[in-house]
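Engineer: Next comes the structure file coords25.pdb, holding PDB, C-alpha atoms, pLDDT in the B column.
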```pdb
ATOM      1  CA  MET O 156      15.724   8.623  -9.601  1.00 62.00           C
ATOM      2  CA  ASN O 157      12.836   8.394 -12.065  1.00 85.00           C
ATOM      3  CA  PHE O 158      10.134   9.294  -9.570  1.00 90.00           C
ATOM      4  CA  LYS O 159       9.249  12.443  -7.657  1.00 94.00           C
ATOM      5  CA  ILE O 160       8.302  12.769  -3.986  1.00 95.00           C
ATOM      6  CA  ASP O 161       6.271  15.736  -2.708  1.00 95.00           C
ATOM      7  CA  PRO O 162       4.548  16.476   0.600  1.00 94.00           C
ATOM      8  CA  GLY O 163       1.613  14.262   1.453  1.00 96.00           C
ATOM      9  CA  LEU O 164      -1.680  14.791   3.212  1.00 97.00           C
ATOM     10  CA  PRO O 165      -2.190  14.789   6.983  1.00 97.00           C
ATOM     11  CA  GLU O 166      -4.467  11.937   8.001  1.00 96.00           C
ATOM     12  CA  ASN O 167      -6.880  14.392   9.642  1.00 97.00           C
ATOM     13  CA  GLN O 168      -7.539  15.897   6.183  1.00 97.00           C
ATOM     14  CA  LEU O 169      -8.165  12.563   4.468  1.00 97.00           C
ATOM     15  CA  ALA O 170     -11.951  12.466   5.046  1.00 96.00           C
ATOM     16  CA  LYS O 171     -12.393  15.821   3.289  1.00 97.00           C
ATOM     17  CA  TRP O 172     -10.086  14.710   0.474  1.00 97.00           C
ATOM     18  CA  LEU O 173     -12.156  11.520   0.006  1.00 96.00           C
ATOM     19  CA  SER O 174     -15.401  13.517  -0.069  1.00 96.00           C
ATOM     20  CA  ASP O 175     -13.978  15.768  -2.779  1.00 97.00           C
ATOM     21  CA  ALA O 176     -12.621  12.734  -4.681  1.00 96.00           C
ATOM     22  CA  LYS O 177     -16.046  11.097  -4.660  1.00 96.00           C
ATOM     23  CA  GLN O 178     -17.468  14.219  -6.315  1.00 96.00           C
ATOM     24  CA  LYS O 179     -14.616  14.395  -8.829  1.00 96.00           C
ATOM     25  CA  TYR O 180     -14.172  10.692  -9.715  1.00 95.00           C
ATOM     26  CA  GLY O 181     -17.504   9.114  -8.792  1.00 95.00           C
ATOM     27  CA  ALA O 182     -18.288   6.199  -6.518  1.00 96.00           C
ATOM     28  CA  PHE O 183     -19.200   2.541  -6.651  1.00 95.00           C
ATOM     29  CA  ASP O 184     -22.671   1.413  -5.545  1.00 96.00           C
ATOM     30  CA  ASP O 185     -21.306   0.662  -2.060  1.00 95.00           C
ATOM     31  CA  GLY O 186     -20.070   4.264  -1.668  1.00 94.00           C
ATOM     32  CA  ARG O 187     -16.328   3.670  -2.128  1.00 95.00           C
ATOM     33  CA  VAL O 188     -14.481   6.162  -4.342  1.00 96.00           C
ATOM     34  CA  ASP O 189     -13.956   4.879  -7.906  1.00 95.00           C
ATOM     35  CA  TYR O 190     -10.334   5.616  -8.869  1.00 93.00           C
ATOM     36  CA  SER O 191     -10.465   3.865 -12.264  1.00 90.00           C
ATOM     37  CA  GLN O 192     -10.087   7.186 -14.139  1.00 91.00           C
ATOM     38  CA  ALA O 193      -8.347   9.134 -11.361  1.00 94.00           C
ATOM     39  CA  ASP O 194      -5.033  10.885 -11.788  1.00 94.00           C
ATOM     40  CA  LEU O 195      -4.383  10.825  -8.011  1.00 95.00           C
ATOM     41  CA  ALA O 196      -5.371   8.322  -5.322  1.00 96.00           C
ATOM     42  CA  PRO O 197      -4.474   7.717  -1.663  1.00 98.00           C
ATOM     43  CA  ILE O 198      -3.103   4.292  -0.777  1.00 96.00           C
ATOM     44  CA  VAL O 199      -1.728   2.364   2.165  1.00 97.00           C
ATOM     45  CA  MET O 200       1.562   0.554   1.670  1.00 97.00           C
ATOM     46  CA  CYS O 201       2.054  -2.010   4.425  1.00 98.00           C
ATOM     47  CA  THR O 202       5.586  -3.103   5.217  1.00 98.00           C
ATOM     48  CA  VAL O 203       5.184  -6.327   7.195  1.00 98.00           C
ATOM     49  CA  VAL O 204       8.286  -7.292   9.168  1.00 98.00           C
ATOM     50  CA  CYS O 205       9.300 -10.185  11.361  1.00 97.00           C
ATOM     51  CA  GLY O 206      12.654  -9.723  13.025  1.00 96.00           C
ATOM     52  CA  ASP O 207      15.074  -8.477  10.372  1.00 96.00           C
ATOM     53  CA  GLU O 208      13.023  -9.724   7.420  1.00 98.00           C
ATOM     54  CA  LEU O 209      10.274  -8.026   5.463  1.00 98.00           C
ATOM     55  CA  LEU O 210       7.491  -9.513   3.382  1.00 98.00           C
ATOM     56  CA  LEU O 211       7.107  -8.872  -0.326  1.00 97.00           C
ATOM     57  CA  VAL O 212       4.185 -10.047  -2.434  1.00 96.00           C
ATOM     58  CA  LYS O 213       4.170 -10.463  -6.198  1.00 94.00           C
ATOM     59  CA  ARG O 214       1.292  -8.503  -7.701  1.00 89.00           C
ATOM     60  CA  GLY O 215      -1.061 -10.370  -9.991  1.00 84.00           C
ATOM     61  CA  HIS O 216      -2.045  -9.199 -13.436  1.00 67.00           C
ATOM     62  CA  GLY O 217      -5.122  -7.098 -14.151  1.00 65.00           C
ATOM     63  CA  LEU O 218      -4.729  -4.904 -11.079  1.00 60.00           C
ATOM     64  CA  ALA O 219      -4.808  -1.119 -11.044  1.00 58.00           C
ATOM     65  CA  ASP O 220      -1.036  -0.765 -11.204  1.00 65.00           C
ATOM     66  CA  ALA O 221       2.296  -2.558 -10.821  1.00 68.00           C
ATOM     67  CA  ASN O 222       1.156  -5.757 -12.534  1.00 75.00           C
ATOM     68  CA  GLY O 223       3.566  -8.653 -12.031  1.00 80.00           C
ATOM     69  CA  VAL O 224       6.078  -6.807  -9.863  1.00 89.00           C
ATOM     70  CA  TRP O 225       7.036  -7.385  -6.244  1.00 94.00           C
ATOM     71  CA  SER O 226       5.651  -4.942  -3.697  1.00 94.00           C
ATOM     72  CA  THR O 227       4.359  -4.622  -0.184  1.00 96.00           C
ATOM     73  CA  VAL O 228       0.722  -5.255   0.677  1.00 95.00           C
ATOM     74  CA  ASN O 229      -1.125  -2.166  -0.473  1.00 93.00           C
ATOM     75  CA  GLY O 230      -4.499  -0.859  -1.457  1.00 93.00           C
ATOM     76  CA  PHE O 231      -6.583   2.173  -2.251  1.00 94.00           C
ATOM     77  CA  ILE O 232      -8.010   4.257   0.558  1.00 97.00           C
ATOM     78  CA  ASP O 233     -11.489   4.574  -0.889  1.00 96.00           C
ATOM     79  CA  GLU O 234     -13.658   5.009   2.195  1.00 94.00           C
ATOM     80  CA  VAL O 235     -13.478   7.082   5.341  1.00 95.00           C
ATOM     81  CA  LYS O 236     -11.741   5.136   8.102  1.00 95.00           C
ATOM     82  CA  PRO O 237      -8.464   5.527   9.988  1.00 97.00           C
ATOM     83  CA  VAL O 238      -5.399   4.640   7.922  1.00 98.00           C
ATOM     84  CA  ALA O 239      -4.369   1.916  10.402  1.00 98.00           C
ATOM     85  CA  GLU O 240      -7.785   0.259   9.952  1.00 97.00           C
ATOM     86  CA  GLN O 241      -7.356   0.413   6.179  1.00 97.00           C
ATOM     87  CA  ALA O 242      -3.930  -1.256   6.545  1.00 98.00           C
ATOM     88  CA  GLN O 243      -5.453  -3.888   8.828  1.00 98.00           C
ATOM     89  CA  GLN O 244      -8.144  -4.594   6.225  1.00 97.00           C
ATOM     90  CA  GLU O 245      -5.656  -4.917   3.339  1.00 96.00           C
ATOM     91  CA  ILE O 246      -3.445  -7.309   5.314  1.00 97.00           C
ATOM     92  CA  HIS O 247      -6.453  -9.462   6.101  1.00 97.00           C
ATOM     93  CA  GLU O 248      -7.747  -9.412   2.514  1.00 95.00           C
ATOM     94  CA  GLU O 249      -4.412 -10.075   0.806  1.00 94.00           C
ATOM     95  CA  LEU O 250      -2.692 -12.384   3.323  1.00 97.00           C
ATOM     96  CA  ASP O 251      -5.610 -13.848   5.311  1.00 96.00           C
ATOM     97  CA  LEU O 252      -3.819 -12.515   8.367  1.00 96.00           C
ATOM     98  CA  ARG O 253      -5.384 -10.736  11.308  1.00 96.00           C
ATOM     99  CA  VAL O 254      -3.285  -8.111  13.077  1.00 97.00           C
ATOM    100  CA  ASP O 255      -4.178  -5.856  15.983  1.00 96.00           C
ATOM    101  CA  LEU O 256      -4.316  -2.118  15.365  1.00 96.00           C
ATOM    102  CA  GLN O 257      -1.594  -1.723  18.016  1.00 95.00           C
ATOM    103  CA  GLN O 258       0.791  -3.616  15.683  1.00 95.00           C
ATOM    104  CA  ILE O 259       0.383  -0.969  12.961  1.00 97.00           C
ATOM    105  CA  LYS O 260       2.381   2.264  12.917  1.00 98.00           C
ATOM    106  CA  VAL O 261       1.486   4.890  10.315  1.00 98.00           C
ATOM    107  CA  ALA O 262       4.314   7.067   9.002  1.00 97.00           C
ATOM    108  CA  PRO O 263       3.760  10.548   7.541  1.00 97.00           C
ATOM    109  CA  SER O 264       2.325  10.418   4.038  1.00 97.00           C
ATOM    110  CA  TYR O 265       3.950  11.687   0.872  1.00 96.00           C
ATOM    111  CA  THR O 266       2.815  12.201  -2.716  1.00 97.00           C
ATOM    112  CA  LEU O 267       4.462  10.014  -5.341  1.00 95.00           C
ATOM    113  CA  LYS O 268       4.684  10.659  -9.068  1.00 93.00           C
ATOM    114  CA  ASN O 269       6.293   7.785 -10.963  1.00 85.00           C
ATOM    115  CA  PRO O 270       6.028   7.735 -14.774  1.00 85.00           C
ATOM    116  CA  ALA O 271       6.024   3.904 -14.604  1.00 78.00           C
ATOM    117  CA  GLU O 272       2.646   4.022 -12.825  1.00 79.00           C
ATOM    118  CA  LYS O 273      -0.799   4.933 -14.171  1.00 81.00           C
ATOM    119  CA  ARG O 274      -1.476   7.703 -11.661  1.00 88.00           C
ATOM    120  CA  SER O 275       0.101   9.622  -8.806  1.00 94.00           C
ATOM    121  CA  TYR O 276      -0.448   8.439  -5.247  1.00 95.00           C
ATOM    122  CA  ILE O 277      -0.751   9.890  -1.784  1.00 97.00           C
ATOM    123  CA  VAL O 278       1.142   7.143   0.024  1.00 97.00           C
ATOM    124  CA  PHE O 279       0.514   6.329   3.678  1.00 98.00           C
ATOM    125  CA  PRO O 280       3.406   4.007   4.638  1.00 98.00           C
ATOM    126  CA  CYS O 281       2.522   1.588   7.430  1.00 98.00           C
ATOM    127  CA  LEU O 282       4.752  -0.680   9.477  1.00 98.00           C
ATOM    128  CA  VAL O 283       3.363  -3.959  10.803  1.00 97.00           C
ATOM    129  CA  ALA O 284       5.715  -5.764  13.192  1.00 96.00           C
ATOM    130  CA  LEU O 285       5.045  -9.451  13.837  1.00 97.00           C
ATOM    131  CA  ALA O 286       6.560 -11.583  16.595  1.00 95.00           C
ATOM    132  CA  ALA O 287       6.630 -14.729  14.423  1.00 96.00           C
ATOM    133  CA  LYS O 288       6.209 -15.539  10.749  1.00 96.00           C
ATOM    134  CA  PRO O 289       2.567 -16.387  10.148  1.00 96.00           C
ATOM    135  CA  VAL O 290       0.942 -18.769   7.717  1.00 95.00           C
ATOM    136  CA  ILE O 291       0.289 -16.699   4.588  1.00 96.00           C
ATOM    137  CA  LYS O 292      -2.713 -17.386   2.344  1.00 96.00           C
ATOM    138  CA  LEU O 293      -2.609 -15.085  -0.666  1.00 94.00           C
ATOM    139  CA  ASN O 294      -5.782 -13.849  -2.317  1.00 91.00           C
ATOM    140  CA  GLU O 295      -6.152 -13.314  -6.068  1.00 88.00           C
ATOM    141  CA  GLU O 296      -4.302  -9.973  -5.965  1.00 88.00           C
ATOM    142  CA  ASN O 297      -0.919 -11.641  -5.467  1.00 91.00           C
ATOM    143  CA  THR O 298       0.729 -14.721  -6.954  1.00 92.00           C
ATOM    144  CA  ASP O 299       3.691 -15.302  -4.621  1.00 95.00           C
ATOM    145  CA  PHE O 300       5.405 -13.996  -1.497  1.00 97.00           C
ATOM    146  CA  ALA O 301       8.920 -13.886  -0.080  1.00 97.00           C
ATOM    147  CA  TRP O 302      10.578 -12.982   3.193  1.00 98.00           C
ATOM    148  CA  LEU O 303      13.852 -11.113   2.680  1.00 97.00           C
ATOM    149  CA  LYS O 304      16.309  -8.799   4.352  1.00 97.00           C
ATOM    150  CA  ARG O 305      16.208  -5.115   3.339  1.00 96.00           C
ATOM    151  CA  PRO O 306      19.524  -5.216   1.375  1.00 95.00           C
ATOM    152  CA  GLU O 307      18.053  -7.956  -0.886  1.00 96.00           C
ATOM    153  CA  LEU O 308      15.168  -5.740  -1.990  1.00 95.00           C
ATOM    154  CA  GLU O 309      16.805  -4.477  -5.186  1.00 89.00           C
ATOM    155  CA  THR O 310      17.389  -8.066  -6.397  1.00 95.00           C
ATOM    156  CA  TYR O 311      13.617  -8.363  -6.989  1.00 96.00           C
ATOM    157  CA  ASP O 312      11.616  -6.902  -9.888  1.00 92.00           C
ATOM    158  CA  ILE O 313      10.188  -3.859  -8.071  1.00 93.00           C
ATOM    159  CA  LEU O 314       9.136  -0.328  -8.975  1.00 85.00           C
ATOM    160  CA  ALA O 315      11.940   2.167  -8.352  1.00 85.00           C
ATOM    161  CA  ASP O 316       9.998   3.931  -5.590  1.00 90.00           C
ATOM    162  CA  LEU O 317       9.353   0.835  -3.427  1.00 93.00           C
ATOM    163  CA  PRO O 318      12.545   1.206  -1.331  1.00 96.00           C
ATOM    164  CA  TYR O 319      11.463   4.743  -0.437  1.00 95.00           C
ATOM    165  CA  ALA O 320       8.057   3.500   0.788  1.00 96.00           C
ATOM    166  CA  ILE O 321       9.630   0.673   2.792  1.00 97.00           C
ATOM    167  CA  ASP O 322      12.220   2.950   4.375  1.00 97.00           C
ATOM    168  CA  ALA O 323       9.505   5.463   5.281  1.00 97.00           C
ATOM    169  CA  ALA O 324       7.530   2.691   7.012  1.00 97.00           C
ATOM    170  CA  LEU O 325      10.616   1.351   8.797  1.00 97.00           C
ATOM    171  CA  ALA O 326      11.227   4.845  10.186  1.00 95.00           C
ATOM    172  CA  ALA O 327       7.685   4.999  11.659  1.00 90.00           C
TER     173      ALA O 327
END
```
Spell out the structure here as structure tokens.
Structural biologist:
Amino acid sequence: MNFKIDPGLPENQLAKWLSDAKQKYGAFDDGRVDYSQADLAPIVMCTVVCGDELLLVKRGHGLADANGVWSTVNGFIDEVKPVAEQAQQEIHEELDLRVDLQQIKVAPSYTLKNPAEKRSYIVFPCLVALAAKPVIKLNEENTDFAWLKRPELETYDILADLPYAIDAALAA
């Protein structure tokens, strides 16, 4: 295992963490935390499932991290809002898919340090269960998508820690 997992951050402490991060890292004009030079950032990682299949997306190039590899839908938590709402927003932005908050389960967070990534992350794994496979319209962050069964995950070009994030979401 070339990555390290440590305890995360309770969601009820996230607003304070974001306030401190804004002071430490700065903010964009719209008030969101600017993580471009950060050594640590909170993210949502959304495992979207339909039946016994899960959705992977292939990350585009020029993104903050994991360029060109397969992953789940994910994004920085850079403003104060519930984690489930952040997951809902990322799914809409990246897949053009609207899901109800009741479809999103948030698992306990953990802190990830992977030398293959630019920074460490406070990961909030989320599970999104769908009744039927939707029409997917990718935005510019991703170049492809695939539905697969969990055992097939390691046949894709993924970061070593992705199975851990997916399994954490599936346990939610």
Engineer: Would you please work out which residue, of O:Ala239, O:Leu252, O:Ile232, O:Ala193, is nearest to Val290 of chain O when using all atoms listed in the file?
Structural biologist: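 Among the listed residues, the smallest separation from Val290 of chain O belongs to O:Leu252.
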Engineer: May I ask which of the residues O:Thr266, O:Gln244, O:Gln257, O:Thr227 is the closest one to Pro197 of chain O, counting all atoms listed in the file?
Structural biologist: O:Thr266
Engineer: Would you please work out which residue, of O:Val199, O:Val283, O:Val238, O:Ala327, is nearest to Arg253 of chain O when using only C-alpha atoms?
Structural biologist: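 Once distances to Arg253 of chain O are computed over only C-alpha atoms, the minimum belongs to O:Val283.
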Engineer: Hey, what's within 6 Å of segment 284-288 of chain O if we count only C-alpha atoms and toss same-chain stuff fewer than 2 positions away? As a list in words, please?
Structural biologist: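 In the requested format, the answer is Val204, Cys205 and Gln258 of chain O.
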Engineer: Contacts of Arg274 of chain O at 6 Å or less, counting only C-alpha atoms, minus same-chain residues fewer than 2 places along, as a ChimeraX atom specification?
Structural biologist: /O:194-195,272
Engineer: Taking all atoms listed in the file into account, name the residue in O:Cys281, O:Leu293, O:Leu250, O:Leu211 that is nearest to Thr310 of chain O.
Structural biologist: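 Closest residue, counting all atoms listed in the file: O:Leu211.
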Engineer: Residues near Val278 of chain O, anyone? I mean within 8 Å using only C-alpha atoms, not counting same-chain ones fewer than 2 positions away, as an NGL selection string.
Structural biologist: :O and (163 or 197-200 or 264-267 or 276 or 280 or 320)
Engineer: Please list as number ranges by chain every residue within 8 Å of Val224 of chain O, counting all atoms listed in the file and excluding residues in the same chain fewer than 2 positions away.
Structural biologist: O: 213-215, 221-222, 226, 312-314
Engineer: O:Leu256, O:Val228, O:Leu209, O:Ala176: which is nearest Ser191 of chain O, counting all atoms listed in the file?
Structural biologist: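 Using all atoms listed in the file, the shortest distance to Ser191 of chain O belongs to O:Ala176.
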Engineer: Could you tell me which of O:Glu245, O:Glu208, O:Asp185, O:Asp175 comes closest to Asn294 of chain O if we count only C-alpha atoms?
Structural biologist: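 Ranking O:Glu245, O:Glu208, O:Asp185, O:Asp175 by distance to Asn294 of chain O, first place goes to O:Glu245.
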Engineer: Can you pull out every residue within 10 Å of Leu169 of chain O, counting only C-alpha atoms, but drop anything in the same chain fewer than 3 positions away, and send it as a PyMOL selection string?
Structural biologist: chain O and resi 164-166+172-175+197+232+234-238
Engineer: Can you give me, as a list in words, the residues this file yields under the PyMOL selection byres ((chain O and resi 304) around 7)?
Structural biologist: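 Evaluating the PyMOL selection byres ((chain O and resi 304) around 7) on these coordinates yields Asp207, Glu208, Leu209, Leu303, Arg305, Pro306 and Glu307 of chain O.
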Engineer: Report, in Å with one decimal, the straight-line distance from atom CA of Lys177 of chain O to atom CA of Gln192 of chain O.
Structural biologist: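 According to the coordinates, atom CA of Lys177 of chain O and atom CA of Gln192 of chain O are separated by 11.9 Å.
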Engineer: Tell me, in Å to one decimal, how far atom CA of Ala182 of chain O is from atom CA of Phe279 of chain O.
Structural biologist: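 So the two atoms, atom CA of Ala182 of chain O and atom CA of Phe279 of chain O, lie 21.4 Å apart.
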Engineer: Record the distance separating atom CA of Leu282 of chain O and atom CA of Val254 of chain O, expressed in Å with one decimal.
Structural biologist: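 Between atom CA of Leu282 of chain O and atom CA of Val254 of chain O the gap works out to 11.5 Å.
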